[in-house]
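Structure file target.cif; described as mmCIF, N, CA and C atoms.
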```cif
data_work
loop_
_atom_site.label_atom_id
_atom_site.label_comp_id
_atom_site.auth_asym_id
_atom_site.auth_seq_id
_atom_site.Cartn_x
_atom_site.Cartn_y
_atom_site.Cartn_z
N MET A 245 172.35 94.25 -147.40
CA MET A 245 171.08 94.22 -146.69
C MET A 245 170.44 95.60 -146.64
N ILE A 246 171.26 96.62 -146.37
CA ILE A 246 170.72 97.97 -146.29
C ILE A 246 170.23 98.44 -147.66
N GLU A 247 170.86 97.96 -148.74
CA GLU A 247 170.42 98.31 -150.09
C GLU A 247 169.00 97.83 -150.32
N PHE A 248 168.72 96.62 -149.87
CA PHE A 248 167.38 96.05 -150.04
C PHE A 248 166.34 96.84 -149.25
N ILE A 249 166.67 97.21 -148.03
CA ILE A 249 165.73 97.95 -147.19
C ILE A 249 165.42 99.32 -147.79
N ILE A 250 166.44 100.00 -148.29
CA ILE A 250 166.20 101.31 -148.90
C ILE A 250 165.41 101.16 -150.19
N ASP A 251 165.72 100.14 -150.98
CA ASP A 251 164.99 99.90 -152.23
C ASP A 251 163.51 99.63 -151.96
N VAL A 252 163.23 98.78 -151.00
CA VAL A 252 161.84 98.47 -150.65
C VAL A 252 161.14 99.69 -150.06
N SER A 253 161.86 100.49 -149.29
CA SER A 253 161.27 101.70 -148.71
C SER A 253 160.86 102.68 -149.80
N ILE A 254 161.74 102.89 -150.77
CA ILE A 254 161.41 103.80 -151.87
C ILE A 254 160.20 103.29 -152.64
N ASN A 255 160.15 101.98 -152.88
CA ASN A 255 159.02 101.40 -153.61
C ASN A 255 157.70 101.62 -152.88
N PHE A 256 157.67 101.31 -151.59
CA PHE A 256 156.42 101.41 -150.86
C PHE A 256 156.02 102.86 -150.55
N ILE A 257 156.99 103.74 -150.37
CA ILE A 257 156.65 105.15 -150.16
C ILE A 257 156.00 105.71 -151.42
N THR A 258 156.57 105.39 -152.58
CA THR A 258 155.99 105.86 -153.83
C THR A 258 154.60 105.27 -154.03
N PHE A 259 154.43 104.01 -153.69
CA PHE A 259 153.13 103.36 -153.79
C PHE A 259 152.10 104.03 -152.89
N ALA A 260 152.50 104.41 -151.68
CA ALA A 260 151.60 105.08 -150.75
C ALA A 260 151.22 106.48 -151.26
N ILE A 261 152.19 107.17 -151.86
CA ILE A 261 151.92 108.51 -152.37
C ILE A 261 150.87 108.46 -153.47
N CYS A 262 150.84 107.39 -154.23
CA CYS A 262 149.89 107.28 -155.36
C CYS A 262 148.45 107.09 -154.90
N PHE A 263 148.22 106.65 -153.68
CA PHE A 263 146.86 106.47 -153.17
C PHE A 263 146.22 107.78 -152.72
N ILE A 264 147.02 108.72 -152.29
CA ILE A 264 146.48 109.91 -151.64
C ILE A 264 145.69 110.82 -152.59
N PRO A 265 146.12 111.04 -153.86
CA PRO A 265 145.27 111.89 -154.73
C PRO A 265 143.85 111.36 -154.90
N LEU A 266 143.69 110.06 -154.99
CA LEU A 266 142.34 109.50 -155.11
C LEU A 266 141.57 109.69 -153.81
N LEU A 267 142.23 109.56 -152.69
CA LEU A 267 141.58 109.76 -151.40
C LEU A 267 141.07 111.19 -151.24
N LEU A 268 141.86 112.15 -151.67
CA LEU A 268 141.45 113.55 -151.53
C LEU A 268 140.41 113.98 -152.54
N SER A 269 140.35 113.29 -153.67
CA SER A 269 139.41 113.72 -154.71
C SER A 269 138.19 112.81 -154.84
N GLU A 270 137.98 111.91 -153.88
CA GLU A 270 136.91 110.93 -154.03
C GLU A 270 135.51 111.54 -153.96
N LYS A 271 135.35 112.66 -153.30
CA LYS A 271 134.01 113.24 -153.18
C LYS A 271 133.76 114.38 -154.15
N THR A 272 134.72 114.65 -155.03
CA THR A 272 134.53 115.75 -155.98
C THR A 272 133.70 115.32 -157.19
N LYS A 273 133.71 114.04 -157.53
CA LYS A 273 132.90 113.49 -158.62
C LYS A 273 133.08 114.26 -159.92
N GLY A 274 134.25 114.24 -160.42
CA GLY A 274 134.48 114.93 -161.68
C GLY A 274 135.84 114.57 -162.25
N ILE A 275 136.42 115.54 -162.90
CA ILE A 275 137.70 115.32 -163.54
C ILE A 275 138.80 115.03 -162.52
N LEU A 276 138.70 115.62 -161.33
CA LEU A 276 139.73 115.38 -160.31
C LEU A 276 139.71 113.94 -159.82
N GLU A 277 138.53 113.35 -159.75
CA GLU A 277 138.45 111.95 -159.36
C GLU A 277 139.06 111.05 -160.43
N ILE A 278 138.86 111.40 -161.69
CA ILE A 278 139.46 110.63 -162.78
C ILE A 278 140.98 110.78 -162.76
N VAL A 279 141.46 111.99 -162.48
CA VAL A 279 142.90 112.22 -162.39
C VAL A 279 143.49 111.43 -161.22
N GLY A 280 142.81 111.44 -160.07
CA GLY A 280 143.28 110.68 -158.91
C GLY A 280 143.32 109.19 -159.18
N ALA A 281 142.29 108.68 -159.85
CA ALA A 281 142.27 107.25 -160.19
C ALA A 281 143.35 106.92 -161.21
N SER A 282 143.62 107.83 -162.14
CA SER A 282 144.67 107.60 -163.13
C SER A 282 146.04 107.56 -162.49
N ILE A 283 146.27 108.45 -161.53
CA ILE A 283 147.55 108.44 -160.81
C ILE A 283 147.71 107.16 -160.02
N LEU A 284 146.63 106.70 -159.39
CA LEU A 284 146.69 105.43 -158.67
C LEU A 284 147.00 104.27 -159.60
N PHE A 285 146.32 104.22 -160.74
CA PHE A 285 146.55 103.14 -161.70
C PHE A 285 147.98 103.19 -162.25
N ALA A 286 148.44 104.41 -162.59
CA ALA A 286 149.80 104.55 -163.09
C ALA A 286 150.81 104.17 -162.01
N GLY A 287 150.53 104.53 -160.77
CA GLY A 287 151.43 104.18 -159.67
C GLY A 287 151.52 102.68 -159.46
N ILE A 288 150.39 102.00 -159.54
CA ILE A 288 150.40 100.55 -159.39
C ILE A 288 151.22 99.91 -160.51
N MET A 289 151.03 100.39 -161.73
CA MET A 289 151.76 99.81 -162.86
C MET A 289 153.26 100.12 -162.79
N ILE A 290 153.60 101.38 -162.50
CA ILE A 290 155.00 101.78 -162.50
C ILE A 290 155.76 101.17 -161.32
N VAL A 291 155.17 101.23 -160.13
CA VAL A 291 155.85 100.67 -158.96
C VAL A 291 155.90 99.15 -159.05
N GLY A 292 154.85 98.54 -159.56
CA GLY A 292 154.87 97.08 -159.74
C GLY A 292 155.97 96.64 -160.68
N THR A 293 156.14 97.37 -161.76
CA THR A 293 157.22 97.06 -162.69
C THR A 293 158.58 97.38 -162.08
N GLY A 294 158.66 98.51 -161.39
CA GLY A 294 159.92 98.93 -160.79
C GLY A 294 160.42 98.00 -159.71
N ILE A 295 159.51 97.34 -159.00
CA ILE A 295 159.93 96.39 -157.96
C ILE A 295 160.75 95.26 -158.57
N PHE A 296 160.36 94.83 -159.75
CA PHE A 296 161.06 93.72 -160.39
C PHE A 296 162.36 94.13 -161.05
N ILE A 297 162.43 95.34 -161.59
CA ILE A 297 163.61 95.68 -162.37
C ILE A 297 164.57 96.64 -161.69
N SER A 298 164.22 97.23 -160.57
CA SER A 298 165.13 98.18 -159.92
C SER A 298 165.74 97.57 -158.67
N SER A 299 166.90 97.07 -158.81
CA SER A 299 167.64 96.62 -157.64
C SER A 299 169.09 97.02 -157.84
N SER A 300 169.60 97.72 -156.87
CA SER A 300 170.98 98.18 -156.99
C SER A 300 171.87 97.37 -156.05
N GLU A 301 173.04 97.11 -156.52
CA GLU A 301 174.00 96.35 -155.73
C GLU A 301 174.80 97.24 -154.80
N THR A 302 174.92 98.51 -155.14
CA THR A 302 175.67 99.45 -154.31
C THR A 302 174.78 100.63 -153.97
N LEU A 303 175.14 101.30 -152.90
CA LEU A 303 174.40 102.50 -152.50
C LEU A 303 175.12 103.72 -153.05
N ASN A 304 174.44 104.44 -153.91
CA ASN A 304 174.98 105.68 -154.44
C ASN A 304 174.27 106.84 -153.78
N SER A 305 174.83 108.02 -153.94
CA SER A 305 174.25 109.19 -153.27
C SER A 305 172.86 109.53 -153.79
N TYR A 306 172.58 109.22 -155.06
CA TYR A 306 171.26 109.56 -155.59
C TYR A 306 170.15 108.77 -154.89
N ILE A 307 170.46 107.59 -154.39
CA ILE A 307 169.46 106.78 -153.69
C ILE A 307 169.02 107.47 -152.40
N TYR A 308 169.97 108.03 -151.66
CA TYR A 308 169.63 108.72 -150.43
C TYR A 308 168.82 109.99 -150.72
N VAL A 309 169.20 110.70 -151.78
CA VAL A 309 168.47 111.92 -152.14
C VAL A 309 167.04 111.56 -152.51
N ILE A 310 166.86 110.53 -153.31
CA ILE A 310 165.51 110.11 -153.71
C ILE A 310 164.69 109.66 -152.51
N LEU A 311 165.30 108.93 -151.59
CA LEU A 311 164.60 108.49 -150.39
C LEU A 311 164.13 109.68 -149.56
N VAL A 312 165.00 110.67 -149.37
CA VAL A 312 164.64 111.84 -148.58
C VAL A 312 163.54 112.65 -149.28
N VAL A 313 163.65 112.82 -150.59
CA VAL A 313 162.64 113.58 -151.33
C VAL A 313 161.29 112.86 -151.28
N GLN A 314 161.28 111.53 -151.42
CA GLN A 314 160.03 110.78 -151.35
C GLN A 314 159.41 110.86 -149.95
N ILE A 315 160.22 110.84 -148.92
CA ILE A 315 159.70 110.97 -147.55
C ILE A 315 159.10 112.36 -147.35
N ILE A 316 159.76 113.39 -147.89
CA ILE A 316 159.23 114.75 -147.78
C ILE A 316 157.89 114.87 -148.52
N ILE A 317 157.81 114.30 -149.72
CA ILE A 317 156.55 114.34 -150.47
C ILE A 317 155.46 113.59 -149.72
N LEU A 318 155.79 112.44 -149.13
CA LEU A 318 154.81 111.69 -148.35
C LEU A 318 154.32 112.49 -147.15
N CYS A 319 155.22 113.18 -146.47
CA CYS A 319 154.81 114.00 -145.33
C CYS A 319 153.89 115.15 -145.76
N ILE A 320 154.22 115.78 -146.89
CA ILE A 320 153.36 116.86 -147.40
C ILE A 320 151.99 116.31 -147.76
N GLU A 321 151.96 115.15 -148.39
CA GLU A 321 150.68 114.53 -148.75
C GLU A 321 149.86 114.21 -147.50
N LEU A 322 150.50 113.71 -146.46
CA LEU A 322 149.78 113.40 -145.23
C LEU A 322 149.27 114.66 -144.55
N ILE A 323 150.02 115.75 -144.64
CA ILE A 323 149.54 117.03 -144.11
C ILE A 323 148.33 117.50 -144.90
N LEU A 324 148.33 117.30 -146.21
CA LEU A 324 147.17 117.66 -147.03
C LEU A 324 145.94 116.83 -146.64
N VAL A 325 146.15 115.55 -146.33
CA VAL A 325 145.04 114.70 -145.91
C VAL A 325 144.48 115.20 -144.58
N LEU A 326 145.35 115.51 -143.62
CA LEU A 326 144.88 116.03 -142.33
C LEU A 326 144.17 117.37 -142.50
N TRP A 327 144.70 118.20 -143.38
CA TRP A 327 144.08 119.49 -143.63
C TRP A 327 142.71 119.32 -144.26
N SER A 328 142.57 118.36 -145.17
CA SER A 328 141.26 118.15 -145.81
C SER A 328 140.25 117.58 -144.82
N LYS A 329 140.71 116.79 -143.86
CA LYS A 329 139.78 116.27 -142.85
C LYS A 329 139.33 117.38 -141.91
N ARG A 330 140.21 118.33 -141.67
CA ARG A 330 139.88 119.41 -140.76
C ARG A 330 139.03 120.49 -141.43
N LYS A 331 139.37 120.84 -142.66
CA LYS A 331 138.69 121.94 -143.35
C LYS A 331 137.64 121.48 -144.34
N GLY A 332 137.60 120.20 -144.65
CA GLY A 332 136.66 119.71 -145.64
C GLY A 332 137.34 119.53 -146.99
N LYS A 333 136.60 118.94 -147.91
CA LYS A 333 137.15 118.67 -149.24
C LYS A 333 137.39 119.98 -149.98
N SER A 334 138.49 120.02 -150.70
CA SER A 334 138.85 121.23 -151.42
C SER A 334 139.45 120.86 -152.77
N THR A 335 139.12 121.64 -153.78
CA THR A 335 139.66 121.41 -155.11
C THR A 335 141.15 121.70 -155.14
N ILE A 336 141.57 122.73 -154.44
CA ILE A 336 143.00 123.09 -154.43
C ILE A 336 143.83 121.99 -153.80
N LEU A 337 143.34 121.40 -152.72
CA LEU A 337 144.07 120.30 -152.08
C LEU A 337 144.16 119.10 -153.01
N SER A 338 143.11 118.82 -153.74
CA SER A 338 143.14 117.70 -154.69
C SER A 338 144.13 117.95 -155.81
N ILE A 339 144.18 119.18 -156.31
CA ILE A 339 145.13 119.52 -157.37
C ILE A 339 146.57 119.44 -156.86
N LEU A 340 146.82 119.97 -155.67
CA LEU A 340 148.17 119.88 -155.09
C LEU A 340 148.59 118.43 -154.87
N SER A 341 147.68 117.63 -154.40
CA SER A 341 147.98 116.22 -154.18
C SER A 341 148.27 115.50 -155.49
N ALA A 342 147.52 115.83 -156.54
CA ALA A 342 147.76 115.21 -157.84
C ALA A 342 149.12 115.62 -158.40
N ILE A 343 149.47 116.90 -158.24
CA ILE A 343 150.77 117.37 -158.72
C ILE A 343 151.90 116.67 -157.96
N LEU A 344 151.77 116.56 -156.65
CA LEU A 344 152.80 115.87 -155.87
C LEU A 344 152.89 114.39 -156.23
N GLY A 345 151.76 113.77 -156.53
CA GLY A 345 151.78 112.37 -156.96
C GLY A 345 152.49 112.19 -158.28
N ILE A 346 152.26 113.11 -159.21
CA ILE A 346 152.93 113.03 -160.50
C ILE A 346 154.43 113.27 -160.34
N VAL A 347 154.81 114.22 -159.50
CA VAL A 347 156.23 114.48 -159.23
C VAL A 347 156.89 113.25 -158.61
N ALA A 348 156.21 112.62 -157.66
CA ALA A 348 156.76 111.42 -157.02
C ALA A 348 156.94 110.29 -158.02
N LEU A 349 155.99 110.13 -158.94
CA LEU A 349 156.14 109.10 -159.97
C LEU A 349 157.29 109.42 -160.92
N GLY A 350 157.47 110.69 -161.25
CA GLY A 350 158.60 111.10 -162.08
C GLY A 350 159.93 110.81 -161.42
N ILE A 351 160.02 111.10 -160.13
CA ILE A 351 161.25 110.81 -159.38
C ILE A 351 161.48 109.31 -159.31
N TYR A 352 160.43 108.54 -159.15
CA TYR A 352 160.57 107.09 -159.08
C TYR A 352 161.03 106.52 -160.42
N ILE A 353 160.50 107.06 -161.52
CA ILE A 353 160.95 106.60 -162.83
C ILE A 353 162.43 106.91 -163.01
N TYR A 354 162.87 108.09 -162.55
CA TYR A 354 164.31 108.40 -162.60
C TYR A 354 165.10 107.39 -161.77
N TYR A 355 164.58 107.03 -160.60
CA TYR A 355 165.26 106.06 -159.73
C TYR A 355 165.44 104.72 -160.43
N VAL A 356 164.40 104.25 -161.11
CA VAL A 356 164.47 102.97 -161.81
C VAL A 356 165.49 103.05 -162.95
N ILE A 357 165.44 104.13 -163.70
CA ILE A 357 166.39 104.28 -164.82
C ILE A 357 167.81 104.44 -164.29
N ALA A 358 167.98 105.21 -163.23
CA ALA A 358 169.33 105.43 -162.69
C ALA A 358 169.91 104.15 -162.10
N SER A 359 169.07 103.23 -161.65
CA SER A 359 169.61 101.97 -161.12
C SER A 359 170.26 101.14 -162.21
N PHE A 360 169.87 101.37 -163.47
CA PHE A 360 170.53 100.70 -164.58
C PHE A 360 171.81 101.42 -165.00
N ILE A 361 171.79 102.74 -164.93
CA ILE A 361 172.92 103.53 -165.43
C ILE A 361 174.12 103.48 -164.49
N TYR A 362 173.88 103.66 -163.20
CA TYR A 362 175.00 103.76 -162.25
C TYR A 362 175.36 102.43 -161.67
#
```
For the file at hand, write its structure as structure tokens.
Amino acid sequence: MIEFIIDVSINFITFAICFIPLLLSEKTKGILEIVGASILFAGIMIVGTGIFISSSETLNSYIYVILVVQIIILCIELILVLWSKRKGKSTILSILSAILGIVALGIYIYYVIASFIY
């Protein structure tokens, strides 16, 4: 039961992280908005596929590490959102958010592949 809860948590945290770059870059109207939309689209595709193929029967240590790292990335992304609401839209915040979104997707892809290997 706990395996399922952690698996679903990782899936939805990664899915939430993919929305934030588009949110931060929506008023820039340029390449950053395209990058944010691309990360969102890639996140929907990757997490949607990962939900069906990544299920682990046992809890390994890498699952806990990935969960903690994804939670940390989500917290950083939420801090960036609060900072952008307080200080206004910023190109640097959009770039940081996009980089964190790409890192989160990379970690999620490792999680899906590792669920087959271990």
Neighbouring residues of Ile297 of chain A were defined as those with any atom within 8 Å, considering only N, CA and C atoms; residues of the same chain fewer than 6 positions away were excluded. Please report them as a PDB file with N, CA and C atoms, in the frame of the given file.
```pdb
ATOM      1  N   VAL A 291     155.170 101.230-160.130  1.00  0.00           N
ATOM      2  CA  VAL A 291     155.850 100.670-158.960  1.00  0.00           C
ATOM      3  C   VAL A 291     155.900  99.150-159.050  1.00  0.00           C
ATOM      4  N   VAL A 356     164.400 104.250-161.110  1.00  0.00           N
ATOM      5  CA  VAL A 356     164.470 102.970-161.810  1.00  0.00           C
ATOM      6  C   VAL A 356     165.490 103.050-162.950  1.00  0.00           C
ATOM      7  N   ILE A 357     165.440 104.130-163.700  1.00  0.00           N
ATOM      8  CA  ILE A 357     166.390 104.280-164.820  1.00  0.00           C
ATOM      9  C   ILE A 357     167.810 104.440-164.290  1.00  0.00           C
ATOM     10  N   SER A 359     169.070 103.230-161.650  1.00  0.00           N
ATOM     11  CA  SER A 359     169.610 101.970-161.120  1.00  0.00           C
ATOM     12  C   SER A 359     170.260 101.140-162.210  1.00  0.00           C
ATOM     13  N   PHE A 360     169.870 101.370-163.470  1.00  0.00           N
ATOM     14  CA  PHE A 360     170.530 100.700-164.580  1.00  0.00           C
ATOM     15  C   PHE A 360     171.810 101.420-165.000  1.00  0.00           C
TER      16      PHE A 360
END
```
- Query: By how many Å are atom N of Met289 of chain A and atom N of Asp251 of chain A apart?
  - Reply: 18.2 Å
- Message: Translate the PyMOL selection byres (((chain A and resi 325 and name CA) around 12) and name CA) into a concrete residue list for this structure, as a list in words.
- Response: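 Against this file, the PyMOL selection byres (((chain A and resi 325 and name CA) around 12) and name CA) returns the residues Ile261, Phe263, Ile264, Pro265, Leu266, Leu267, Leu268, Ser269, Leu318, Cys319, Ile320, Glu321, Leu322, Ile323, Leu324, Leu326, Trp327, Ser328, Lys329, Arg330, Lys331, Gly332, Lys333, Ser334, Leu337, Ser338, Leu340 and Ser341 of chain A.
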- Query: Just how far from atom N of Ile283 of chain A is atom CA of Ile307 of chain A, in Å to one decimal?
  - Reply: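 That distance, rounded to one decimal, is 24.5 Å.
Among the candidates A:Phe256, A:Ile317, A:Phe248, A:Gly274, the residue lying nearest to Gly345 of chain A is A:Ile317 (atoms considered: only C-alpha atoms).
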- Smallest atom-to-atom distance to Leu344 of chain A: which of A:Glu277, A:Ile295, A:Asn255, A:Cys262, using all atoms listed in the file? A:Cys262
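For the choices A:Leu276, A:Ile254, A:Ile343, A:Ile361, the atom-to-atom distance to Val309 of chain A is smallest for A:Ile254 when using only C-alpha atoms.
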- Can you tell me how far atom N of Ser298 of chain A sits from atom N of Ala342 of chain A, in Å to one decimal?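 Rounded to one decimal, the two atoms are 25.3 Å apart.
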Can you take the partial segment 278-289 of chain A, add all heavy atoms, and return it as a PDB file, in the coordinates of the input?
```
ATOM      1  N   ILE A 278     138.860 111.400-161.690  1.00  0.00           N
ATOM      2  CA  ILE A 278     139.460 110.630-162.780  1.00  0.00           C
ATOM      3  C   ILE A 278     140.980 110.780-162.760  1.00  0.00           C
ATOM      4  O   ILE A 278     141.703 109.793-162.955  1.00  0.00           O
ATOM      5  CB  ILE A 278     138.872 111.088-164.131  1.00  0.00           C
ATOM      6  CG1 ILE A 278     137.388 110.731-164.183  1.00  0.00           C
ATOM      7  CG2 ILE A 278     139.621 110.465-165.295  1.00  0.00           C
ATOM      8  CD1 ILE A 278     136.654 111.341-165.360  1.00  0.00           C
ATOM      9  N   VAL A 279     141.460 111.990-162.480  1.00  0.00           N
ATOM     10  CA  VAL A 279     142.900 112.220-162.390  1.00  0.00           C
ATOM     11  C   VAL A 279     143.490 111.430-161.220  1.00  0.00           C
ATOM     12  O   VAL A 279     144.536 110.786-161.348  1.00  0.00           O
ATOM     13  CB  VAL A 279     143.209 113.727-162.245  1.00  0.00           C
ATOM     14  CG1 VAL A 279     144.661 113.961-161.878  1.00  0.00           C
ATOM     15  CG2 VAL A 279     142.865 114.455-163.516  1.00  0.00           C
ATOM     16  N   GLY A 280     142.810 111.440-160.070  1.00  0.00           N
ATOM     17  CA  GLY A 280     143.280 110.680-158.910  1.00  0.00           C
ATOM     18  C   GLY A 280     143.320 109.190-159.180  1.00  0.00           C
ATOM     19  O   GLY A 280     144.270 108.501-158.814  1.00  0.00           O
ATOM     20  N   ALA A 281     142.290 108.680-159.850  1.00  0.00           N
ATOM     21  CA  ALA A 281     142.270 107.250-160.190  1.00  0.00           C
ATOM     22  C   ALA A 281     143.350 106.920-161.210  1.00  0.00           C
ATOM     23  O   ALA A 281     143.968 105.851-161.145  1.00  0.00           O
ATOM     24  CB  ALA A 281     140.896 106.869-160.739  1.00  0.00           C
ATOM     25  N   SER A 282     143.620 107.830-162.140  1.00  0.00           N
ATOM     26  CA  SER A 282     144.670 107.600-163.130  1.00  0.00           C
ATOM     27  C   SER A 282     146.040 107.560-162.490  1.00  0.00           C
ATOM     28  O   SER A 282     146.891 106.742-162.856  1.00  0.00           O
ATOM     29  CB  SER A 282     144.630 108.696-164.200  1.00  0.00           C
ATOM     30  OG  SER A 282     143.401 108.694-164.862  1.00  0.00           O
ATOM     31  N   ILE A 283     146.270 108.450-161.530  1.00  0.00           N
ATOM     32  CA  ILE A 283     147.550 108.440-160.810  1.00  0.00           C
ATOM     33  C   ILE A 283     147.710 107.160-160.020  1.00  0.00           C
ATOM     34  O   ILE A 283     148.791 106.560-159.985  1.00  0.00           O
ATOM     35  CB  ILE A 283     147.674 109.685-159.909  1.00  0.00           C
ATOM     36  CG1 ILE A 283     147.807 110.940-160.774  1.00  0.00           C
ATOM     37  CG2 ILE A 283     148.871 109.573-158.966  1.00  0.00           C
ATOM     38  CD1 ILE A 283     147.740 112.233-160.002  1.00  0.00           C
ATOM     39  N   LEU A 284     146.630 106.700-159.390  1.00  0.00           N
ATOM     40  CA  LEU A 284     146.690 105.430-158.670  1.00  0.00           C
ATOM     41  C   LEU A 284     147.000 104.270-159.600  1.00  0.00           C
ATOM     42  O   LEU A 284     147.863 103.442-159.320  1.00  0.00           O
ATOM     43  CB  LEU A 284     145.379 105.173-157.935  1.00  0.00           C
ATOM     44  CG  LEU A 284     145.253 103.818-157.239  1.00  0.00           C
ATOM     45  CD1 LEU A 284     146.295 103.681-156.135  1.00  0.00           C
ATOM     46  CD2 LEU A 284     143.870 103.637-156.684  1.00  0.00           C
ATOM     47  N   PHE A 285     146.320 104.220-160.740  1.00  0.00           N
ATOM     48  CA  PHE A 285     146.550 103.140-161.700  1.00  0.00           C
ATOM     49  C   PHE A 285     147.980 103.190-162.250  1.00  0.00           C
ATOM     50  O   PHE A 285     148.656 102.167-162.344  1.00  0.00           O
ATOM     51  CB  PHE A 285     145.533 103.237-162.842  1.00  0.00           C
ATOM     52  CG  PHE A 285     145.665 102.140-163.845  1.00  0.00           C
ATOM     53  CD1 PHE A 285     145.306 100.839-163.519  1.00  0.00           C
ATOM     54  CD2 PHE A 285     146.157 102.398-165.106  1.00  0.00           C
ATOM     55  CE1 PHE A 285     145.432  99.822-164.448  1.00  0.00           C
ATOM     56  CE2 PHE A 285     146.285 101.392-166.042  1.00  0.00           C
ATOM     57  CZ  PHE A 285     145.923 100.090-165.713  1.00  0.00           C
ATOM     58  N   ALA A 286     148.440 104.410-162.590  1.00  0.00           N
ATOM     59  CA  ALA A 286     149.800 104.550-163.090  1.00  0.00           C
ATOM     60  C   ALA A 286     150.810 104.170-162.010  1.00  0.00           C
ATOM     61  O   ALA A 286     151.832 103.535-162.303  1.00  0.00           O
ATOM     62  CB  ALA A 286     150.048 105.983-163.565  1.00  0.00           C
ATOM     63  N   GLY A 287     150.530 104.530-160.770  1.00  0.00           N
ATOM     64  CA  GLY A 287     151.430 104.180-159.670  1.00  0.00           C
ATOM     65  C   GLY A 287     151.520 102.680-159.460  1.00  0.00           C
ATOM     66  O   GLY A 287     152.605 102.145-159.237  1.00  0.00           O
ATOM     67  N   ILE A 288     150.390 102.000-159.540  1.00  0.00           N
ATOM     68  CA  ILE A 288     150.400 100.550-159.390  1.00  0.00           C
ATOM     69  C   ILE A 288     151.220  99.910-160.510  1.00  0.00           C
ATOM     70  O   ILE A 288     152.038  99.020-160.260  1.00  0.00           O
ATOM     71  CB  ILE A 288     148.957  99.996-159.376  1.00  0.00           C
ATOM     72  CG1 ILE A 288     148.250 100.398-158.082  1.00  0.00           C
ATOM     73  CG2 ILE A 288     148.957  98.478-159.526  1.00  0.00           C
ATOM     74  CD1 ILE A 288     146.777 100.094-158.065  1.00  0.00           C
ATOM     75  N   MET A 289     151.030 100.390-161.730  1.00  0.00           N
ATOM     76  CA  MET A 289     151.760  99.810-162.860  1.00  0.00           C
ATOM     77  C   MET A 289     153.260 100.120-162.790  1.00  0.00           C
ATOM     78  O   MET A 289     154.083  99.230-162.976  1.00  0.00           O
ATOM     79  CB  MET A 289     151.181 100.348-164.178  1.00  0.00           C
ATOM     80  CG  MET A 289     149.737 100.052-164.372  1.00  0.00           C
ATOM     81  SD  MET A 289     149.311  98.883-165.614  1.00  0.00           S
ATOM     82  CE  MET A 289     150.384  99.173-166.926  1.00  0.00           C
TER      83      MET A 289
END
```
